[in-house]
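Raw contents of query17.txt, compact mmCIF, C-alpha atoms:
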# COMPACT_ATOMS: atom_id res chain seq x y z
CA MET A 25 -120.38 8.50 -14.36
CA PHE A 26 -122.33 8.13 -17.59
CA PHE A 27 -125.00 10.69 -18.45
CA ARG A 28 -127.39 10.45 -21.35
CA HIS A 29 -127.58 13.43 -23.65
CA SER A 30 -129.74 14.15 -26.64
CA TYR A 31 -126.76 14.02 -29.01
CA ASP A 32 -125.70 10.51 -27.89
CA LYS A 33 -127.74 9.00 -30.71
CA LEU A 34 -125.49 10.79 -33.19
CA ILE A 35 -122.13 10.38 -31.49
CA TYR A 36 -122.22 6.59 -30.93
CA PRO A 37 -122.87 5.67 -34.57
CA ILE A 38 -120.16 8.13 -35.69
CA ILE A 39 -117.66 6.59 -33.24
CA LEU A 40 -118.64 3.10 -34.41
CA LEU A 41 -118.24 4.11 -38.06
CA MET A 42 -114.83 5.67 -37.38
CA LEU A 43 -113.72 2.49 -35.58
CA LEU A 44 -114.96 0.35 -38.50
CA VAL A 45 -113.03 2.49 -41.01
CA ALA A 46 -109.88 2.40 -38.87
CA VAL A 47 -109.99 -1.39 -38.61
CA SER A 48 -110.82 -1.89 -42.29
CA PHE A 49 -108.20 0.45 -43.79
CA ARG A 50 -105.34 -2.00 -44.17
CA PRO A 51 -102.21 -2.46 -46.27
CA LYS A 52 -102.34 -4.89 -49.18
CA TYR A 53 -99.15 -6.15 -50.79
CA HIS A 54 -98.72 -6.90 -54.49
CA LEU A 55 -95.70 -7.80 -56.53
CA ARG A 56 -94.36 -4.79 -58.39
CA ALA A 57 -95.01 -4.55 -62.12
CA ASP A 58 -91.33 -3.98 -62.85
CA MET A 59 -89.20 -7.09 -62.61
CA PRO A 60 -86.40 -6.88 -60.00
CA ALA A 61 -82.86 -6.82 -61.38
CA GLU A 62 -82.00 -9.91 -59.30
CA PHE A 63 -84.72 -11.88 -61.09
CA PHE A 64 -83.01 -11.40 -64.45
CA PRO A 65 -79.36 -10.45 -64.15
CA GLY A 66 -78.47 -9.67 -67.78
CA ALA A 67 -75.46 -11.54 -69.11
CA GLY A 68 -73.26 -9.08 -70.99
CA SER A 69 -71.31 -11.57 -73.12
CA THR A 70 -74.24 -13.28 -74.87
CA ALA A 71 -75.62 -12.33 -78.26
CA ALA A 72 -78.33 -9.65 -78.35
CA VAL A 73 -80.89 -12.02 -79.87
CA LYS A 74 -80.38 -14.64 -77.17
CA ASN A 75 -80.40 -11.96 -74.50
CA SER A 76 -83.67 -10.66 -75.89
CA LEU A 77 -85.23 -14.14 -75.82
CA ASP A 78 -83.93 -14.75 -72.29
CA GLN A 79 -85.35 -11.43 -71.19
CA LYS A 80 -88.74 -12.29 -72.70
CA ILE A 81 -88.72 -15.60 -70.85
CA ALA A 82 -87.82 -13.85 -67.60
CA TRP A 83 -90.65 -11.35 -68.10
CA ALA A 84 -93.06 -14.21 -68.82
CA TYR A 85 -92.12 -15.97 -65.58
CA TRP A 86 -92.35 -12.69 -63.67
CA GLU A 87 -95.85 -12.15 -65.07
CA SER A 88 -96.76 -15.69 -64.04
CA ALA A 89 -95.63 -14.85 -60.52
CA ARG A 90 -97.67 -11.64 -60.55
CA MET A 91 -100.82 -13.19 -62.03
CA ASP A 92 -100.88 -16.57 -60.28
CA ILE A 93 -98.30 -17.10 -57.54
CA GLN A 94 -98.83 -13.96 -55.42
CA TRP A 95 -102.50 -14.89 -54.91
CA LYS A 96 -101.70 -18.47 -53.89
CA TYR A 97 -98.74 -17.46 -51.68
CA PRO A 98 -99.35 -13.91 -50.45
CA HIS A 99 -96.80 -11.54 -48.94
CA GLY A 100 -94.98 -13.05 -45.98
CA GLN A 101 -95.85 -16.63 -46.84
CA THR A 102 -93.09 -19.14 -47.58
CA LEU A 103 -92.72 -20.42 -51.12
CA PRO A 104 -92.31 -24.17 -51.54
CA PRO A 105 -88.97 -25.55 -52.77
CA ASP A 106 -90.48 -26.85 -56.01
CA PRO A 107 -92.44 -24.66 -58.42
CA PRO A 108 -96.22 -25.13 -58.30
CA GLN A 109 -98.23 -26.03 -61.37
CA GLU A 110 -99.35 -22.39 -61.77
CA PHE A 111 -95.79 -21.17 -62.37
CA ARG A 112 -95.54 -21.67 -66.12
CA VAL A 113 -95.19 -19.84 -69.43
CA ASP A 114 -96.55 -20.39 -72.94
CA ALA A 115 -94.25 -22.61 -75.00
CA LYS A 116 -95.92 -21.56 -78.26
CA ALA A 117 -95.00 -17.91 -77.79
CA LEU A 118 -91.50 -18.35 -76.34
CA GLY A 119 -90.32 -21.68 -77.69
CA PRO A 120 -89.76 -25.06 -76.04
CA GLY A 121 -86.71 -23.83 -74.10
CA ALA A 122 -88.93 -21.59 -71.99
CA THR A 123 -90.90 -24.52 -70.60
CA ASP A 124 -87.85 -26.69 -70.03
CA PRO A 125 -87.90 -27.98 -66.42
CA ALA A 126 -84.39 -26.61 -65.79
CA THR A 127 -85.42 -23.12 -66.97
CA ARG A 128 -88.60 -23.25 -64.92
CA GLN A 129 -86.61 -24.33 -61.84
CA LEU A 130 -84.05 -21.54 -62.44
CA TYR A 131 -86.71 -18.83 -62.44
CA TRP A 132 -88.46 -20.40 -59.46
CA ARG A 133 -85.18 -20.21 -57.49
CA ARG A 134 -84.79 -16.59 -58.56
CA LEU A 135 -88.36 -15.83 -57.51
CA ARG A 136 -87.73 -17.44 -54.13
CA SER A 137 -84.60 -15.31 -53.69
CA VAL A 138 -86.42 -12.01 -54.33
CA TRP A 139 -89.73 -13.00 -52.70
CA TYR A 140 -88.77 -11.73 -49.24
CA THR A 141 -87.10 -8.46 -50.23
CA PRO A 142 -89.17 -5.33 -49.56
CA GLU A 143 -88.24 -3.87 -52.96
CA THR A 144 -90.16 -6.67 -54.67
CA TRP A 145 -93.46 -5.71 -53.06
CA GLN A 146 -95.68 -2.69 -53.40
CA ARG A 147 -97.83 -1.71 -50.41
CA LYS A 148 -101.16 0.03 -50.92
CA TYR A 149 -103.68 0.91 -48.26
CA VAL A 150 -107.20 -0.15 -49.17
CA PHE A 151 -110.57 -0.42 -47.49
CA ASP A 152 -110.90 -4.17 -46.84
CA MET A 153 -113.73 -5.89 -44.99
CA ASP A 154 -112.31 -9.44 -45.31
CA TRP A 155 -111.63 -9.49 -41.58
CA ALA A 156 -115.39 -9.52 -40.88
CA SER A 157 -115.79 -13.10 -42.16
CA ASP A 158 -113.26 -14.41 -39.59
CA PRO A 159 -112.62 -11.73 -36.96
CA LEU A 160 -110.61 -13.99 -34.62
CA GLY A 161 -108.33 -15.24 -37.41
CA ALA A 162 -107.87 -11.71 -38.75
CA GLY A 163 -107.11 -10.44 -35.25
CA GLY A 164 -104.48 -13.15 -34.78
CA THR A 165 -102.90 -12.37 -38.15
CA TRP A 166 -102.83 -8.66 -37.33
CA LEU A 167 -101.25 -9.36 -33.94
CA ARG A 168 -98.53 -11.59 -35.51
CA GLU A 169 -97.77 -8.92 -38.14
CA GLU A 170 -97.53 -6.16 -35.55
CA ILE A 171 -95.27 -8.19 -33.26
CA SER A 172 -93.07 -9.11 -36.22
CA ARG A 173 -92.94 -5.48 -37.33
CA LEU A 174 -92.01 -4.29 -33.82
CA LEU A 175 -89.33 -6.95 -33.38
CA HIS A 176 -87.72 -6.22 -36.76
CA SER A 177 -87.75 -2.44 -36.35
Structure encoded using C-alpha cells:
Amino acid sequence: MFFRHSYDKLIYPIILLMLLVAVSFRPKYHLRADMPAEFFPGAGSTAAVKNSLDQKIAWAYWESARMDIQWKYPHGQTLPPDPPQEFRVDAKALGPGATDPATRQLYWRRLRSVWYTPETWQRKYVFDMDWASDPLGAGGTWLREEISRLLHS
C-alpha cells in the first residue's frame, strides 16, 4: 500500500535524478593515441631514412583514422572494404608516395585488421544525454550491446 509522507516531495526528485545519472553515465570509445604495432610493423632490413618516412606516413594515416574515420564509423561498426574519402594524408608534407592509391589501400587494410581488437580502443565513461533525442533507438542499441557483451563473456 502506498502512503503519502511529507518527505515524498524530496525523495521522488532525488530518485529521478539518480535514475537519470545512471542512464546517462555511459562508456564512449575512442581510438588510442598510440598507434598499434600491427598498424605499422617496422621492417628491420630497410634503411633508417626510408623507415623513418614510412613511419611518418603510418602515423599520418593513424591520425586520419583518429580524426576522421572513428567519428564516421564508431566502435563496433563495420568498416567498408574500400577506404572512404576522409582517409587521406597530406602529399605536400609526406611526398607523393604517401598519397599513392596502393599505400592508401595498404593502410586501410591495416586499419581494418586492428579496428576490432580491444587494444585499439580506449573506453572512457562520460555523462552523455544523446539518448534523450531518440530514447527507443538508444534503448535498442543498449540492449544489442548488452546481449553481445553477455554472449561473448
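Excluding Ala57 in chain A itself and any same-chain residue fewer than 6 positions from it, the protein and nucleic acid residues within 12 Å of it, counting all atoms listed in the file, are A:Trp83, A:Ala84, A:Trp86, A:Glu87, A:Ser88, A:Ala89, A:Arg90, A:Met91, A:Glu143, A:Thr144, A:Trp145, A:Gln146.
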Quiz prompt | Pairwise distance for CA of Thr141 in chain A and CA of Ala126 in chain A, rounded to one decimal in Å | solution = 24.1 Å
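If you look at CA of Lys52 in chain A and CA of Tyr131 in chain A, they are 24.8 Å away from each other.
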Practice problem: Might you pull out every residue within 12 Å of Ala61 in chain A, with all atoms listed in the file counted and same-chain residues fewer than 2 positions away left off, and present them as a VMD selection string? | Solution: chain A and resid 58 to 59 63 to 67 79 82 to 83 86 134 to 135 137 to 138 143 to 144
Exercise. Could you give me, as a ChimeraX atom specification, the residues within 12 Å of range 40-47 of chain A, counting all atoms listed in the file and dropping anything in the same chain fewer than 5 positions from it?
Key: /A:33-35,149-156,159,162-163,166
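Across the structure, CA of Lys80 in chain A and CA of Asp106 in chain A are spaced 22.2 Å apart.
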I'd like the contact shell of Tyr53 in chain A - 7 Å cut-off, all atoms listed in the file, skipping same-chain residues fewer than 2 positions apart - returned as a compact mmCIF listing (two decimals) with C-alpha atoms, in the coordinates of the input.
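Contents of around.txt, freshly written:
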# COMPACT_ATOMS: atom_id res chain seq x y z
CA PRO A 51 -102.21 -2.46 -46.27
CA LEU A 55 -95.70 -7.80 -56.53
CA HIS A 99 -96.80 -11.54 -48.94
CA TRP A 145 -93.46 -5.71 -53.06
CA GLN A 146 -95.68 -2.69 -53.40
CA ARG A 147 -97.83 -1.71 -50.41
CA LYS A 148 -101.16 0.03 -50.92
